[in-house]
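Below: model34.cif (mmCIF, C-alpha atoms)
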```
data_upload
#
loop_
_atom_site.label_atom_id
_atom_site.label_comp_id
_atom_site.auth_asym_id
_atom_site.auth_seq_id
_atom_site.Cartn_x
_atom_site.Cartn_y
_atom_site.Cartn_z
CA MET A 1 142.93 57.68 24.76
CA LYS A 2 146.71 57.39 24.72
CA ASN A 3 148.67 58.69 27.66
CA ASN A 4 151.99 59.72 26.14
CA GLY A 5 151.62 63.45 26.47
CA MET A 6 151.40 66.28 23.98
CA SER A 7 152.63 67.00 20.44
CA ILE A 8 156.25 66.81 19.26
CA ILE A 9 156.58 70.62 19.34
CA VAL A 10 155.79 70.76 23.04
CA ARG A 11 158.06 67.81 23.77
CA THR A 12 161.04 69.28 21.88
CA VAL A 13 160.73 72.70 23.54
CA THR A 14 160.39 71.00 26.92
CA ARG A 15 163.65 69.10 26.35
CA PHE A 16 165.40 72.41 25.71
CA VAL A 17 164.05 74.48 28.59
CA TYR A 18 163.46 72.20 31.56
CA GLY A 19 167.12 72.09 32.59
CA LEU A 20 167.37 75.87 32.50
CA ILE A 21 164.23 76.24 34.63
CA ILE A 22 165.57 73.80 37.23
CA LEU A 23 168.92 75.63 37.25
CA PHE A 24 167.18 78.99 37.77
CA GLY A 25 165.13 77.54 40.62
CA PHE A 26 168.26 76.25 42.34
CA TYR A 27 169.84 79.70 41.85
CA VAL A 28 166.85 81.38 43.54
CA ILE A 29 167.04 78.96 46.48
CA MET A 30 170.82 79.30 46.84
CA HIS A 31 170.73 83.11 46.90
CA GLY A 32 167.58 83.24 49.02
CA HIS A 33 169.26 85.08 51.88
CA LEU A 34 170.61 87.82 49.61
CA SER A 35 168.21 88.39 46.71
CA PRO A 36 164.43 88.29 46.25
CA GLY A 37 163.02 84.81 46.47
CA GLY A 38 163.95 81.98 48.75
CA GLY A 39 162.99 78.43 49.54
CA PHE A 40 159.33 78.64 48.59
CA GLN A 41 159.79 80.67 45.40
CA GLY A 42 162.73 78.62 44.12
CA GLY A 43 160.95 75.39 44.98
CA ALA A 44 157.90 76.57 43.04
CA VAL A 45 160.09 77.36 40.02
CA VAL A 46 161.70 73.89 40.10
CA ALA A 47 158.29 72.28 40.58
CA SER A 48 156.99 74.16 37.53
CA ALA A 49 159.75 72.46 35.50
CA PHE A 50 158.58 69.09 36.86
CA ALA A 51 154.97 69.99 35.98
CA LEU A 52 156.09 70.94 32.46
CA LEU A 53 157.78 67.55 32.06
CA LEU A 54 154.71 65.72 33.36
CA VAL A 55 152.28 67.59 31.10
CA ALA A 56 154.49 67.24 28.02
CA PHE A 57 155.44 63.58 28.36
CA GLY A 58 152.64 62.16 30.49
CA SER A 59 153.22 60.00 33.54
CA THR A 60 154.22 57.00 31.43
CA GLY A 61 156.57 58.95 29.14
CA LEU A 62 158.96 59.71 31.99
CA LYS A 63 159.41 55.97 32.67
CA GLY A 64 159.04 56.40 36.41
CA ARG A 65 161.92 58.86 36.75
CA LEU A 66 159.69 61.03 38.95
CA ASN A 67 158.03 58.44 41.09
CA LEU A 68 155.47 59.36 43.68
CA HIS A 69 156.88 57.35 46.59
CA TRP A 70 160.32 58.92 46.22
CA LEU A 71 158.86 62.43 45.96
CA GLN A 72 156.77 61.99 49.11
CA THR A 73 159.81 60.64 50.98
CA MET A 74 161.89 63.67 49.96
CA GLU A 75 159.07 65.97 51.06
CA GLU A 76 159.16 64.48 54.55
CA VAL A 77 162.97 64.72 54.55
CA GLY A 78 162.67 68.46 53.78
CA ALA A 79 160.15 69.08 56.54
CA LEU A 80 162.09 67.06 59.10
CA SER A 81 165.41 68.70 58.24
CA PHE A 82 163.80 72.13 58.66
CA LEU A 83 162.63 71.11 62.13
CA ALA A 84 166.01 69.56 62.95
CA LEU A 85 167.80 72.78 61.96
CA ALA A 86 165.38 74.72 64.14
CA PHE A 87 166.11 72.39 67.08
CA LEU A 88 169.93 72.68 66.64
CA GLY A 89 170.10 75.80 68.79
CA ILE A 90 167.59 74.61 71.39
CA GLY A 91 170.21 75.22 74.08
CA THR A 92 169.57 78.94 73.71
CA ALA A 93 166.16 79.14 72.04
CA PHE A 94 164.07 77.47 69.35
CA PHE A 95 165.22 78.74 65.90
CA TYR A 96 168.40 80.18 67.46
CA ASN A 97 170.86 80.88 64.63
CA LEU A 98 173.76 78.76 65.85
CA PHE A 99 176.07 79.12 62.84
CA ALA A 100 175.89 82.90 62.31
CA ASN A 101 179.24 84.64 62.86
CA SER A 102 180.89 81.34 63.75
CA GLY A 103 183.81 82.19 61.48
CA GLY A 104 183.89 80.54 58.07
CA PHE A 105 182.22 77.25 58.96
CA LEU A 106 179.05 76.60 56.92
CA PHE A 107 177.77 80.11 56.07
CA GLY A 108 179.36 81.50 59.23
CA ALA A 109 181.17 84.54 57.82
CA SER A 110 180.51 87.83 59.55
CA VAL A 111 179.10 90.74 57.58
CA PRO A 112 180.91 94.11 57.60
CA THR A 113 178.98 97.07 58.94
CA GLY A 114 177.72 99.76 56.58
CA SER A 115 176.17 99.25 53.17
CA ASN A 116 177.56 96.36 51.15
CA ALA A 117 176.51 94.08 48.33
CA GLY A 118 175.85 91.15 50.67
CA VAL A 119 178.15 88.33 51.75
CA PHE A 120 177.22 84.97 50.25
CA ALA A 121 178.83 82.85 52.96
CA ALA A 122 176.93 84.64 55.74
CA GLY A 123 173.51 83.93 57.19
CA GLY A 124 174.15 80.91 59.38
CA LEU A 125 171.14 78.61 59.42
CA VAL A 126 169.01 80.69 57.02
CA PRO A 127 170.46 79.34 53.70
CA LEU A 128 170.25 75.77 55.02
CA MET A 129 166.61 76.31 56.00
CA ASN A 130 166.00 77.75 52.53
CA TRP A 131 167.29 74.48 51.04
CA ALA A 132 165.04 72.46 53.37
CA VAL A 133 161.95 74.50 52.44
CA GLY A 134 162.91 74.38 48.75
CA LEU A 135 163.20 70.58 48.84
CA LYS A 136 159.81 70.27 50.54
CA VAL A 137 158.03 72.66 48.14
CA MET A 138 159.50 71.29 44.90
CA THR A 139 158.76 67.66 45.71
CA GLY A 140 155.38 68.42 47.30
CA ILE A 141 154.03 70.32 44.30
CA ALA A 142 155.42 67.71 41.88
CA ALA A 143 153.59 65.06 43.93
CA ILE A 144 150.34 67.05 43.61
CA VAL A 145 150.67 67.15 39.79
CA ILE A 146 151.52 63.42 39.62
CA ILE A 147 148.49 62.54 41.77
CA MET A 148 146.34 64.65 39.45
CA LEU A 149 147.67 62.77 36.39
CA VAL A 150 147.50 59.26 37.84
CA GLY A 151 144.19 59.74 39.65
CA SER A 152 142.42 61.03 36.54
CA ARG A 153 143.78 58.14 34.48
CA LYS A 154 142.45 55.59 36.97
CA GLU A 155 138.94 57.02 36.71
CA GLU A 156 139.10 56.77 32.94
CA THR A 157 139.91 53.06 32.83
CA GLU A 158 137.14 52.07 35.22
CA MET B 1 157.48 108.92 36.86
CA ILE B 2 154.97 109.58 34.07
CA VAL B 3 156.41 106.66 32.09
CA GLN B 4 155.88 104.38 35.08
CA SER B 5 152.26 105.52 35.45
CA ILE B 6 151.58 104.83 31.78
CA LEU B 7 153.17 101.38 32.14
CA HIS B 8 150.96 100.64 35.15
CA VAL B 9 147.83 101.58 33.23
CA VAL B 10 148.83 99.50 30.18
CA VAL B 11 149.60 96.42 32.29
CA LEU B 12 146.38 96.74 34.29
CA VAL B 13 144.27 97.11 31.13
CA LEU B 14 145.97 94.04 29.65
CA ILE B 15 145.22 92.06 32.85
CA VAL B 16 141.52 92.94 32.55
CA ILE B 17 141.53 92.02 28.85
CA GLY B 18 143.15 88.67 29.62
CA ALA B 19 140.64 87.90 32.35
CA ALA B 20 137.72 88.87 30.10
CA LEU B 21 139.06 86.64 27.32
CA ALA B 22 139.34 83.75 29.78
CA VAL B 23 135.61 84.09 30.47
CA TRP B 24 134.64 84.76 26.86
CA PHE B 25 136.38 81.85 25.06
CA LYS B 26 134.30 78.73 24.40
CA ASP B 27 137.43 76.64 23.77
CA LEU B 28 138.60 75.80 27.27
CA LEU B 29 142.27 75.38 26.29
CA SER B 30 142.34 78.94 24.90
CA SER B 31 140.58 80.06 28.07
CA VAL B 32 143.27 78.49 30.27
CA LEU B 33 146.03 80.10 28.19
CA ALA B 34 144.35 83.51 28.52
CA LEU B 35 144.23 82.95 32.27
CA ALA B 36 147.95 82.09 32.25
CA ALA B 37 148.71 85.28 30.31
CA ALA B 38 146.69 87.33 32.80
CA SER B 39 148.57 85.65 35.65
CA LEU B 40 151.92 86.43 34.06
CA LEU B 41 150.87 90.07 33.67
CA VAL B 42 149.88 90.11 37.35
CA ALA B 43 153.42 88.93 38.10
CA LEU B 44 154.77 91.80 35.97
CA GLU B 45 152.57 94.24 37.89
CA PHE B 46 153.89 92.89 41.20
CA TYR B 47 157.40 93.50 39.88
CA LEU B 48 156.52 97.07 38.88
CA LEU B 49 155.14 97.63 42.37
CA GLN B 50 158.60 96.56 43.68
CA ALA B 51 157.57 93.21 45.13
CA PRO B 52 159.87 90.84 43.17
CA ASP B 53 159.49 88.19 45.86
CA VAL B 54 155.74 87.92 45.26
CA ALA B 55 156.30 88.17 41.49
CA ILE B 56 158.46 85.02 41.43
CA ALA B 57 155.89 83.10 43.46
CA GLU B 58 153.03 84.32 41.23
CA ALA B 59 154.90 83.39 38.04
CA GLY B 60 155.72 79.93 39.40
CA ILE B 61 152.39 79.03 40.97
CA GLY B 62 149.88 81.12 39.01
CA ALA B 63 151.27 80.96 35.51
CA ALA B 64 152.91 77.53 35.45
CA LEU B 65 151.40 75.12 37.96
CA THR B 66 147.70 76.02 37.79
CA THR B 67 147.99 75.99 33.99
CA ALA B 68 149.50 72.49 34.10
CA ILE B 69 146.76 71.22 36.40
CA TYR B 70 144.02 72.81 34.24
CA ILE B 71 145.53 71.28 31.09
CA ILE B 72 145.57 67.83 32.71
CA ALA B 73 141.94 68.28 33.74
CA ILE B 74 140.92 69.42 30.23
CA ARG B 75 142.65 66.45 28.61
CA ARG B 76 140.60 64.10 30.77
CA THR B 77 137.27 65.88 30.17
CA ALA B 78 135.73 67.86 27.32
CA ARG B 79 137.65 70.57 25.47
CA LYS B 80 134.60 72.60 24.37
CA GLU B 81 132.30 74.35 26.75
CA GLU B 82 128.71 73.08 26.54
CA GLU B 83 126.04 75.59 25.63
#
```
Please express the file's structure as structure tokens.
Amino acid sequence: MKNNGMSIIVRTVTRFVYGLIILFGFYVIMHGHLSPGGGFQGGAVVASAFALLLVAFGSTGLKGRLNLHWLQTMEEVGALSFLALAFLGIGTAFFYNLFANSGGFLFGASVPTGSNAGVFAAGGLVPLMNWAVGLKVMTGIAAIVIIMLVGSRKEETE
Amino acid sequence: MIVQSILHVVVLVLIVIGAALAVWFKDLLSSVLALAAASLLVALEFYLLQAPDVAIAEAGIGAALTTAIYIIAIRRTARKEEE
């Protein structure tokens, strides 16, 4: 059996939509502290674009652009940066939000009282932690799909 | 309010139909696609119940990723269910 993915219809549609799916996933992660969604949901959306690419083109059709070693490294980077951000405020408490209301620096804007539409540059550590979780989830789930593809192919050739 | 109730009933009936089709089909690829449709309708129902957070996760994991993994598994094994 060949391993270069599915029919030309699937491959053409995939070329059109995968960029939009990745962009929407990054949007969900970036606005995680204001709108529904967050690190996990946005990461799952981005990982679904990776899964679409892998199913449509096969693991050989991507020419190693999503390689397993790199994905697993980025997953560990996401987990460790989440922990590092949690340890940043260890002087006060674990998970202490050091950057909130620090005045402009790195999501440090203060939020006005009363009802408002939400301030994008506020939130302190929470948006950065959303990015860390998003990185871990998107690369972790992509690694699961790649292992499924490669592992099943190895059994076939034996 | 009455429109929302009707919408709930329609979506729930469609979820049950999708799940029943997933069991009924002998072609496993059609079965997986019926399961993906049911999962997408579950995401719509979560959204109607005002849980958009869960709806995004369900659409990403349930409708996209499990379908991809099932399709990979079907490509490596048999496409028709054995009697």
* Counting only C-alpha atoms, chain B residues within 7 Å of chain A, as an NGL selection string -> :B and (52-53 or 56-57 or 60-61 or 64-65 or 68-69 or 72 or 76)
* Structure fact -> Students should find that atom CA of B:Ala36 and atom CA of B:Ile15 are spaced 10.4 Å
* To do: Within 12 Å of (136.9, 68.9, 30.1) (coordinates as in the file), grab all the protein and nucleic acid residues, counting all atoms listed in the file, and write them out as a count of residues only.
  => 21
* Within 8 Å of A:Ala143 using all atoms listed in the file, minus same-chain residues under 5 positions, as number ranges by chain -> A: 68, 71-72
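One finds atom CA of A:Ala117 at 25.6 Å from atom CA of A:Ile22.
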* To do: Pick out the residues sitting within 8 Å of B:Leu33, and hand them over as an MDAnalysis selection string; count all atoms listed in the file, and ignore anything fewer than 4 positions along from it in its own chain.
  => chainID B and resid 22 29 37 67
If you keep C-alpha atoms, can you produce a file of those selected residues as a compact mmCIF listing (two decimals), keeping the file's coordinate frame?
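Generated output (out_7.txt):
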```txt
# COMPACT_ATOMS: atom_id res chain seq x y z
CA ALA B 22 139.34 83.75 29.78
CA LEU B 29 142.27 75.38 26.29
CA ALA B 37 148.71 85.28 30.31
CA THR B 67 147.99 75.99 33.99
```
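In this model, the gap between atom CA of A:Phe99 and atom CA of A:Phe26 comes to 22.1 Å.
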* To do: Give as a PyMOL selection string the set of residues within 7 Å of the point (177.9, 83.1, 52.6), where distances use the file's coordinates and only C-alpha atoms.
  => chain A and resi 107-109+119-123
* Take the PyMOL selection byres ((chain A and resi 98) around 10), apply it to the structure above, and return the hits as a list in words. => Leu85, Ala86, Leu88, Gly89, Ile90, Gly91, Thr92, Ala93, Phe95, Tyr96, Asn97, Phe99, Ala100, Asn101, Ser102, Gly108, Gly124 and Leu125 of chain A
Completion of stretch 74-96 of chain A up to N, CA and C atoms, as a JSON list (two decimals), in the coordinates of the input:
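That gives us selection13.json:
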```
[["chain", "number", "residue", "atom", "x", "y", "z"],
["A", 74, "MET", "N", 161.04, 62.48, 49.92],
["A", 74, "MET", "CA", 161.89, 63.67, 49.96],
["A", 74, "MET", "C", 161.15, 64.85, 50.59],
["A", 75, "GLU", "N", 159.82, 64.90, 50.42],
["A", 75, "GLU", "CA", 159.07, 65.97, 51.06],
["A", 75, "GLU", "C", 159.18, 65.88, 52.59],
["A", 76, "GLU", "N", 159.03, 64.64, 53.09],
["A", 76, "GLU", "CA", 159.16, 64.48, 54.55],
["A", 76, "GLU", "C", 160.58, 64.79, 55.00],
["A", 77, "VAL", "N", 161.58, 64.41, 54.19],
["A", 77, "VAL", "CA", 162.97, 64.72, 54.55],
["A", 77, "VAL", "C", 163.16, 66.24, 54.66],
["A", 78, "GLY", "N", 162.56, 67.00, 53.73],
["A", 78, "GLY", "CA", 162.67, 68.46, 53.78],
["A", 78, "GLY", "C", 162.05, 69.02, 55.03],
["A", 79, "ALA", "N", 160.83, 68.56, 55.36],
["A", 79, "ALA", "CA", 160.15, 69.08, 56.54],
["A", 79, "ALA", "C", 160.92, 68.74, 57.81],
["A", 80, "LEU", "N", 161.40, 67.47, 57.89],
["A", 80, "LEU", "CA", 162.09, 67.06, 59.10],
["A", 80, "LEU", "C", 163.44, 67.76, 59.24],
["A", 81, "SER", "N", 164.13, 68.02, 58.11],
["A", 81, "SER", "CA", 165.41, 68.70, 58.24],
["A", 81, "SER", "C", 165.22, 70.16, 58.64],
["A", 82, "PHE", "N", 164.10, 70.77, 58.19],
["A", 82, "PHE", "CA", 163.80, 72.13, 58.66],
["A", 82, "PHE", "C", 163.62, 72.15, 60.17],
["A", 83, "LEU", "N", 162.85, 71.18, 60.68],
["A", 83, "LEU", "CA", 162.63, 71.11, 62.13],
["A", 83, "LEU", "C", 163.92, 70.81, 62.87],
["A", 84, "ALA", "N", 164.76, 69.91, 62.29],
["A", 84, "ALA", "CA", 166.01, 69.56, 62.95],
["A", 84, "ALA", "C", 166.93, 70.77, 63.03],
["A", 85, "LEU", "N", 166.98, 71.57, 61.93],
["A", 85, "LEU", "CA", 167.80, 72.78, 61.96],
["A", 85, "LEU", "C", 167.27, 73.77, 62.99],
["A", 86, "ALA", "N", 165.94, 73.82, 63.15],
["A", 86, "ALA", "CA", 165.38, 74.72, 64.14],
["A", 86, "ALA", "C", 165.74, 74.25, 65.55],
["A", 87, "PHE", "N", 165.81, 72.92, 65.75],
["A", 87, "PHE", "CA", 166.11, 72.39, 67.08],
["A", 87, "PHE", "C", 167.60, 72.41, 67.41],
["A", 88, "LEU", "N", 168.48, 72.72, 66.39],
["A", 88, "LEU", "CA", 169.93, 72.68, 66.64],
["A", 88, "LEU", "C", 170.33, 73.64, 67.75],
["A", 89, "GLY", "N", 169.71, 74.82, 67.79],
["A", 89, "GLY", "CA", 170.10, 75.80, 68.79],
["A", 89, "GLY", "C", 169.20, 75.80, 70.00],
["A", 90, "ILE", "N", 168.58, 74.65, 70.32],
["A", 90, "ILE", "CA", 167.59, 74.61, 71.39],
["A", 90, "ILE", "C", 168.21, 74.93, 72.75],
["A", 91, "GLY", "N", 169.57, 74.85, 72.84],
["A", 91, "GLY", "CA", 170.21, 75.22, 74.08],
["A", 91, "GLY", "C", 169.98, 76.66, 74.47],
["A", 92, "THR", "N", 169.87, 77.53, 73.44],
["A", 92, "THR", "CA", 169.57, 78.94, 73.71],
["A", 92, "THR", "C", 168.09, 79.22, 73.54],
["A", 93, "ALA", "N", 167.58, 78.92, 72.32],
["A", 93, "ALA", "CA", 166.16, 79.14, 72.04],
["A", 93, "ALA", "C", 165.82, 78.35, 70.79],
["A", 94, "PHE", "N", 164.53, 78.08, 70.60],
["A", 94, "PHE", "CA", 164.07, 77.47, 69.35],
["A", 94, "PHE", "C", 164.36, 78.43, 68.21],
["A", 95, "PHE", "N", 164.85, 77.92, 67.06],
["A", 95, "PHE", "CA", 165.22, 78.74, 65.90],
["A", 95, "PHE", "C", 166.43, 79.63, 66.17],
["A", 96, "TYR", "N", 167.21, 79.36, 67.22],
["A", 96, "TYR", "CA", 168.40, 80.18, 67.46],
["A", 96, "TYR", "C", 169.42, 79.91, 66.34]]
```
